[in-house]
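Each remark here refers to the structure printed beneath this line.
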Protein chains: 2
Amino acid sequence: MSFYSHLQDAWQRQGSLLTVGLDPDLARLPAELRDEPDAILRFCREIVDLTAPYAAAFKPQIAYFAALRAEGQLEALCTYIREQHPHLALVLDAKRGDIGATATQYAREAFERYQAHAVTVNPYMGFDSIAPYLQWRDRGVFVLCRTSNPGGSDLQFLEVEGDPLYLRVAELAAGPWQRGAPAGQLGLVVGATYPDELARVRARVGDDVPVLVPGIGAQGGDVAASVKAGRNAAGDGLLINSSRAILYAPGDDWRAAAAEAARATRDAIEAARREV
Amino acid sequence: MSFYSHLQDAWQRQGSLLTVGLDPDLARLPAELRDEPDAILRFCREIVDLTAPYAAAFKPQIAYFAALRAEGQLEALCTYIREQHPHLALVLDAKRGDIGATATQYAREAFERYQAHAVTVNPYMGFDSIAPYLQWRDRGVFVLCRTSNPGGSDLQFLEVEGDPLYLRVAELAAGPWQRGAPAGQLGLVVGATYPDELARVRARVGDDVPVLVPGIGAQGGDVAASVKAGRNAAGDGLLINSSRAILYAPGDDWRAAAAEAARATRDAIEAARREV
């Protein structure tokens, strides 16, 4: 099954475009877990089970595991997600960017070691740095396009032949970089903090390019505006990601708070998605 | 000691600008080592000792370790380099690109877990994605500028206000992104396959920006042309990287072949460096 078919199935079965970002920060874990040797795995597994009813995908951020020497816990978490929630999508947020033989190593890391359905990558080194991932025909690649941080404009907003650079990246990813890839194998990352830009990207790339949208929740992006700007003609085509606002939702009972934050975000997305 | 002071000391002590890239590919290891459980660590340790007399720096490429689930071996290798060859520089080739809290995790990974003196990073997400690394004032950051792969031109050659994008990146890294950093804390990566472009970068950024130059050897870049194009007024300012052409140098005795390849490359660099 292609990545895009898997994603479409997840959107439909789950009635949700929500992606739960798994950024486990040791200092913010519940006190009861913090001293366990596999604290971040335990925490993430619980978050996964609590939020799965409201989600279409999970997105572990590898940096949080790597800084803690916890690749083993990330492997176990990915296996858990694949086994316990096989219909959801597993997107590894790695933002790798390298070429040739080195990119192939990163693709192996993402697709074989961590069994991710899709991975995020950086476009600065060009098509050579994307192509090796496309060899895995049943997996997906989300190319960084417009990022949600203020400094994102430093390069992405530079004007190239009348367009900002990020739109050129969107065009490359939706055009020449596809080169016979199955529909939806190549997607984009476009931050939620600039809904107008998300709308420009969607208009430029058409309906069949899935867009991963970080930046709602803790980063302040507007859910409704992002969904309306980024949805395709079928009312989907998006993975709307929330990480910290779900993982560390305030409340006496962290489990109930996380589940409720996921449910509320899913509901907000669904309401906007159906709005005319 | 600042990273740049450490580097200048290494250039001078060693009489070399050579960087030995450590890209251990299991399939290409000597047969005698291939079946050992810590084969890539053993191989890299031997390469390090054999080539250290001719080198200013070592550059492990983290992807090769990550694909093999060998972060433990990379840690042990980095410790070995720091302890056995303390005057050389240890550059972790990771090309990370992420922002805020996530970039801080990657900086911890590079500077604390692997004890690297410097790390390579990707500029696409802008200054936000560079700033967290600069908190470690005694470490260095090499920003991808112009890469040695053909597809590097896809983005890096797009014209922005009369300049190719890579020159804008060079100017940002040498100008506003420095913001009070010690001289030489921010360097650039410029591939050896385009010596004219390396010369344009050097002319634009001045003498005190160290430039890491991959692409000689297996990738075909011309050593002499690269050195002459990239050296600063002091005749240094460069780390000229060779990986596969040293690691897998042909010959009956792989140890002698690797040492000889390193020595010959060092000599070629030194000859060009002194040429008027």
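Ordering of the structure tokens sets the chain letters (A, B, ...), residue numbers begin anew at 1 in every chain, and ligands are numbered from 1 in the order given.
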
Counting only C-alpha atoms, give me one row per residue of chain B with an atom at most 6 Å from an atom of chain A, showing the shortest contact pair and its distance in Å to one decimal, sorted by chain then residue number, as a tab-separated table.
residue	atom	partner	partner_atom	distance
B:Ala63	CA	A:Gln105	CA	5.5
B:Tyr64	CA	A:Gln105	CA	5.9
B:Ala67	CA	A:Glu109	CA	4.5
B:Gln105	CA	A:Ala67	CA	5.3
B:Tyr106	CA	A:Ala63	CA	5.6
B:Arg108	CA	A:Ala67	CA	5.7
B:Glu109	CA	A:Ala67	CA	4.5
B:Met125	CA	A:Gly152	CA	4.7
B:Gly126	CA	A:Gly151	CA	4.8
B:Phe127	CA	A:Gly151	CA	5.4
B:Asp128	CA	A:Gly151	CA	5.2
B:Gly151	CA	A:Gly126	CA	4.8
B:Gly152	CA	A:Met125	CA	4.7
B:Asp154	CA	A:Gly126	CA	5.0
B:Glu159	CA	A:Val160	CA	6.0
B:Val160	CA	A:Val160	CA	5.5

Dump C-alpha atoms for the selected residues as a short mmCIF file (atom, residue, chain, number, x, y, z; two decimals), in the first residue's frame?
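Dumped to selection24.cif:
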data_model
loop_
_atom_site.label_atom_id
_atom_site.label_comp_id
_atom_site.auth_asym_id
_atom_site.auth_seq_id
_atom_site.Cartn_x
_atom_site.Cartn_y
_atom_site.Cartn_z
CA ALA B 63 24.20 8.63 9.35
CA TYR B 64 26.50 5.63 8.90
CA ALA B 67 21.65 3.23 10.14
CA GLN B 105 18.42 18.84 21.73
CA TYR B 106 20.54 18.36 18.60
CA ARG B 108 23.28 18.56 23.17
CA GLU B 109 23.60 15.45 21.06
CA MET B 125 15.15 27.21 8.66
CA GLY B 126 17.13 30.43 9.23
CA PHE B 127 18.95 31.93 12.18
CA ASP B 128 16.59 30.35 14.74
CA GLY B 151 21.44 18.65 -7.35
CA GLY B 152 22.94 21.20 -4.96
CA ASP B 154 18.38 23.12 -7.38
CA GLU B 159 19.13 33.91 -8.10
CA VAL B 160 18.28 36.24 -5.24
#

With all C-alpha atoms paired in order, what RMSD does the least-squares fit of chain B onto chain A leave? 0.0 Å

DSSP-assigned alpha helix (DSSP H) members of segment 140-226 of chain B, reported as a PyMOL selection string: chain B and resi 153-156+165-174+195-205+223-226

Fewer than 2 positions away in the same chain doesn't count, so skip those; otherwise give me all residues within 8 Å of segment 206-208 of chain B, counting only C-alpha atoms, as a ChimeraX atom specification. /B:183-184,202-204,210,232-234,237

With N, CA and C atoms retained, export the selected residues as a PDB file, in the first residue's frame.
ATOM      1  N   ALA B 183      35.220  35.135  16.827  1.00  0.00           N
ATOM      2  CA  ALA B 183      35.661  34.938  15.434  1.00  0.00           C
ATOM      3  C   ALA B 183      35.787  33.450  15.127  1.00  0.00           C
ATOM      4  N   GLY B 184      35.279  33.053  13.984  1.00  0.00           N
ATOM      5  CA  GLY B 184      35.449  31.676  13.538  1.00  0.00           C
ATOM      6  C   GLY B 184      34.522  30.670  14.196  1.00  0.00           C
ATOM      7  N   ARG B 202      34.955  32.867  -0.371  1.00  0.00           N
ATOM      8  CA  ARG B 202      36.062  33.417   0.436  1.00  0.00           C
ATOM      9  C   ARG B 202      36.154  34.930   0.268  1.00  0.00           C
ATOM     10  N   ALA B 203      36.011  35.405  -0.975  1.00  0.00           N
ATOM     11  CA  ALA B 203      36.085  36.850  -1.213  1.00  0.00           C
ATOM     12  C   ALA B 203      34.971  37.578  -0.453  1.00  0.00           C
ATOM     13  N   ARG B 204      33.813  36.931  -0.337  1.00  0.00           N
ATOM     14  CA  ARG B 204      32.669  37.564   0.294  1.00  0.00           C
ATOM     15  C   ARG B 204      32.760  37.555   1.826  1.00  0.00           C
ATOM     16  N   PRO B 210      36.120  29.845   8.921  1.00  0.00           N
ATOM     17  CA  PRO B 210      36.662  28.560   8.483  1.00  0.00           C
ATOM     18  C   PRO B 210      35.697  27.890   7.501  1.00  0.00           C
ATOM     19  N   ASN B 232      42.744  31.479   3.034  1.00  0.00           N
ATOM     20  CA  ASN B 232      42.660  32.891   3.421  1.00  0.00           C
ATOM     21  C   ASN B 232      44.061  33.508   3.339  1.00  0.00           C
ATOM     22  N   ALA B 233      44.195  34.743   3.812  1.00  0.00           N
ATOM     23  CA  ALA B 233      45.479  35.449   3.682  1.00  0.00           C
ATOM     24  C   ALA B 233      46.602  34.722   4.416  1.00  0.00           C
ATOM     25  N   ALA B 234      46.258  34.024   5.481  1.00  0.00           N
ATOM     26  CA  ALA B 234      47.275  33.288   6.236  1.00  0.00           C
ATOM     27  C   ALA B 234      47.608  31.944   5.584  1.00  0.00           C
ATOM     28  N   GLY B 237      42.529  28.485   6.962  1.00  0.00           N
ATOM     29  CA  GLY B 237      41.102  28.782   6.926  1.00  0.00           C
ATOM     30  C   GLY B 237      40.267  27.658   6.333  1.00  0.00           C
TER      31      GLY B 237
END

Taking the DSSP assignment computed from this structure's backbone, write out as a VMD selection string all residues of segment 42-238 of chain B that belong to strand (DSSP E or B). chain B and resid 57 to 61 89 to 96 118 to 121 140 to 146 159 to 160 163 to 164 186 to 190 211 to 213 216 221 238

Prev. selection, C-alpha atoms, output as a short mmCIF file (atom, residue, chain, number, x, y, z; two decimals), in the first residue's frame:
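Now in selection03.cif:
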data_model
loop_
_atom_site.label_atom_id
_atom_site.label_comp_id
_atom_site.auth_asym_id
_atom_site.auth_seq_id
_atom_site.Cartn_x
_atom_site.Cartn_y
_atom_site.Cartn_z
CA ALA B 57 40.61 17.02 11.98
CA PHE B 58 38.31 14.00 11.92
CA LYS B 59 34.75 14.16 10.69
CA PRO B 60 32.49 11.22 11.58
CA GLN B 61 29.28 11.11 9.51
CA ALA B 89 39.51 18.87 15.79
CA LEU B 90 36.45 16.63 15.98
CA VAL B 91 33.68 17.74 13.61
CA LEU B 92 30.39 15.83 13.74
CA ASP B 93 28.79 15.73 10.30
CA ALA B 94 25.10 15.72 11.14
CA LYS B 95 23.65 18.51 8.95
CA ARG B 96 20.83 18.99 11.43
CA ALA B 118 32.01 21.50 15.86
CA VAL B 119 28.93 20.30 13.99
CA THR B 120 27.51 20.80 10.49
CA VAL B 121 24.03 22.39 10.25
CA GLY B 140 31.91 25.67 16.25
CA VAL B 141 29.13 25.44 13.66
CA PHE B 142 29.64 24.82 9.93
CA VAL B 143 26.61 26.05 7.96
CA LEU B 144 25.87 24.32 4.63
CA CYS B 145 26.46 26.88 1.90
CA ARG B 146 27.34 25.30 -1.45
CA GLU B 159 19.13 33.91 -8.10
CA VAL B 160 18.28 36.24 -5.24
CA ASP B 163 23.38 36.61 -6.32
CA PRO B 164 23.00 32.86 -6.16
CA LEU B 186 30.49 30.10 12.52
CA GLY B 187 32.01 28.48 9.46
CA LEU B 188 30.69 27.29 6.12
CA VAL B 189 30.55 24.09 4.10
CA VAL B 190 31.50 24.64 0.45
CA VAL B 211 35.43 26.61 5.47
CA LEU B 212 34.92 22.85 5.46
CA VAL B 213 35.46 21.52 1.95
CA ILE B 216 37.83 15.85 -3.02
CA GLY B 221 37.06 17.67 -6.64
CA LEU B 238 40.19 25.44 5.37
#

Of the candidates B:Val201, B:Ala268, B:Cys78, B:Leu88, which one gets nearest to Tyr4 of chain B if we count only C-alpha atoms? B:Leu88

Using only C-alpha atoms, the residue out of B:Ser5, B:Trp177, B:Leu77, B:Asn241 with shortest distance to Asp49 of chain B is B:Leu77

So what do you get for atom CA of Phe3 of chain B versus atom CA of Val209 of chain B, distance-wise?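 Taking atom CA of Phe3 of chain B as the start and atom CA of Val209 of chain B as the end point, the length is 11.6 Å.
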
I'd like the contact shell of Glu260 of chain B - 12 Å cut-off, only C-alpha atoms, skipping same-chain residues fewer than 2 positions apart - returned as a list in words.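 Once the adjacent positions are removed, what remains is Ile47, Leu50, Thr51, Ala52, Pro53, Tyr54, Ala245, Ile246, Leu247, Tyr248, Ala249, Pro250, Gly251, Asp253, Trp254, Arg255, Ala256, Ala257, Ala258, Ala262, Arg263, Ala264, Thr265, Arg266 and Asp267 of chain B.
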
Can I get the selected residues back with C-alpha atoms, as a PDB file, in the first residue's frame?
ATOM      1  CA  ILE B  47      42.017   4.711  10.621  1.00  0.00           C
ATOM      2  CA  LEU B  50      46.992   5.650  11.058  1.00  0.00           C
ATOM      3  CA  THR B  51      45.992   9.009   9.601  1.00  0.00           C
ATOM      4  CA  ALA B  52      46.353  11.307  12.630  1.00  0.00           C
ATOM      5  CA  PRO B  53      49.957  12.284  11.741  1.00  0.00           C
ATOM      6  CA  TYR B  54      48.687  13.809   8.481  1.00  0.00           C
ATOM      7  CA  ALA B 245      39.456   7.775  -0.912  1.00  0.00           C
ATOM      8  CA  ILE B 246      41.341   7.326   2.374  1.00  0.00           C
ATOM      9  CA  LEU B 247      39.145   4.787   4.187  1.00  0.00           C
ATOM     10  CA  TYR B 248      38.951   2.419   1.247  1.00  0.00           C
ATOM     11  CA  ALA B 249      42.236   3.246  -0.513  1.00  0.00           C
ATOM     12  CA  PRO B 250      43.128   0.366  -2.843  1.00  0.00           C
ATOM     13  CA  GLY B 251      46.067  -1.869  -1.925  1.00  0.00           C
ATOM     14  CA  ASP B 253      47.498  -3.829   2.970  1.00  0.00           C
ATOM     15  CA  TRP B 254      44.542  -1.595   3.852  1.00  0.00           C
ATOM     16  CA  ARG B 255      46.400  -0.012   6.747  1.00  0.00           C
ATOM     17  CA  ALA B 256      49.372   1.066   4.672  1.00  0.00           C
ATOM     18  CA  ALA B 257      47.076   2.169   1.855  1.00  0.00           C
ATOM     19  CA  ALA B 258      44.966   4.393   4.127  1.00  0.00           C
ATOM     20  CA  ALA B 262      46.233  10.472   3.874  1.00  0.00           C
ATOM     21  CA  ARG B 263      49.903  11.421   3.574  1.00  0.00           C
ATOM     22  CA  ALA B 264      49.649  12.025  -0.175  1.00  0.00           C
ATOM     23  CA  THR B 265      46.507  14.133   0.218  1.00  0.00           C
ATOM     24  CA  ARG B 266      48.117  16.161   3.001  1.00  0.00           C
ATOM     25  CA  ASP B 267      51.137  16.733   0.755  1.00  0.00           C
TER      26      ASP B 267
END

Could you pull the residues within 12 Å of Lys228 of chain B, counting only C-alpha atoms, minus those fewer than 5 positions along the same chain, as a list of chain:residue names?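 Contacts, with the query itself left out: B:Ala192, B:Pro195, B:Asp196, B:Glu197, B:Leu198, B:Ala199, B:Arg200, B:Arg202, B:Asp222, B:Val223, B:Ala233, B:Ala234, B:Gly235, B:Asp236, B:Gly237, B:Leu238, B:Ile240, B:Ala268, B:Ile269, B:Glu270, B:Ala271, B:Ala272, B:Arg273, B:Arg274, B:Glu275, B:Val276.
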
Pairwise distance for atom CA of Ser2 of chain B and atom CA of Ala56 of chain B, rounded to one decimal in Å: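 Atom CA of Ala56 of chain B lies at a distance of 15.9 Å from atom CA of Ser2 of chain B.
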
Contact residues around segment 34-44 of chain A with only C-alpha atoms at 7 Å, ignoring same-chain residues under 5 positions, as a count of residues only: 6

Atom CA of Tyr80 of chain B and atom CA of Ala261 of chain B, how far apart in Å?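 Between atom CA of Ala261 of chain B and atom CA of Tyr80 of chain B the gap works out to 22.1 Å.
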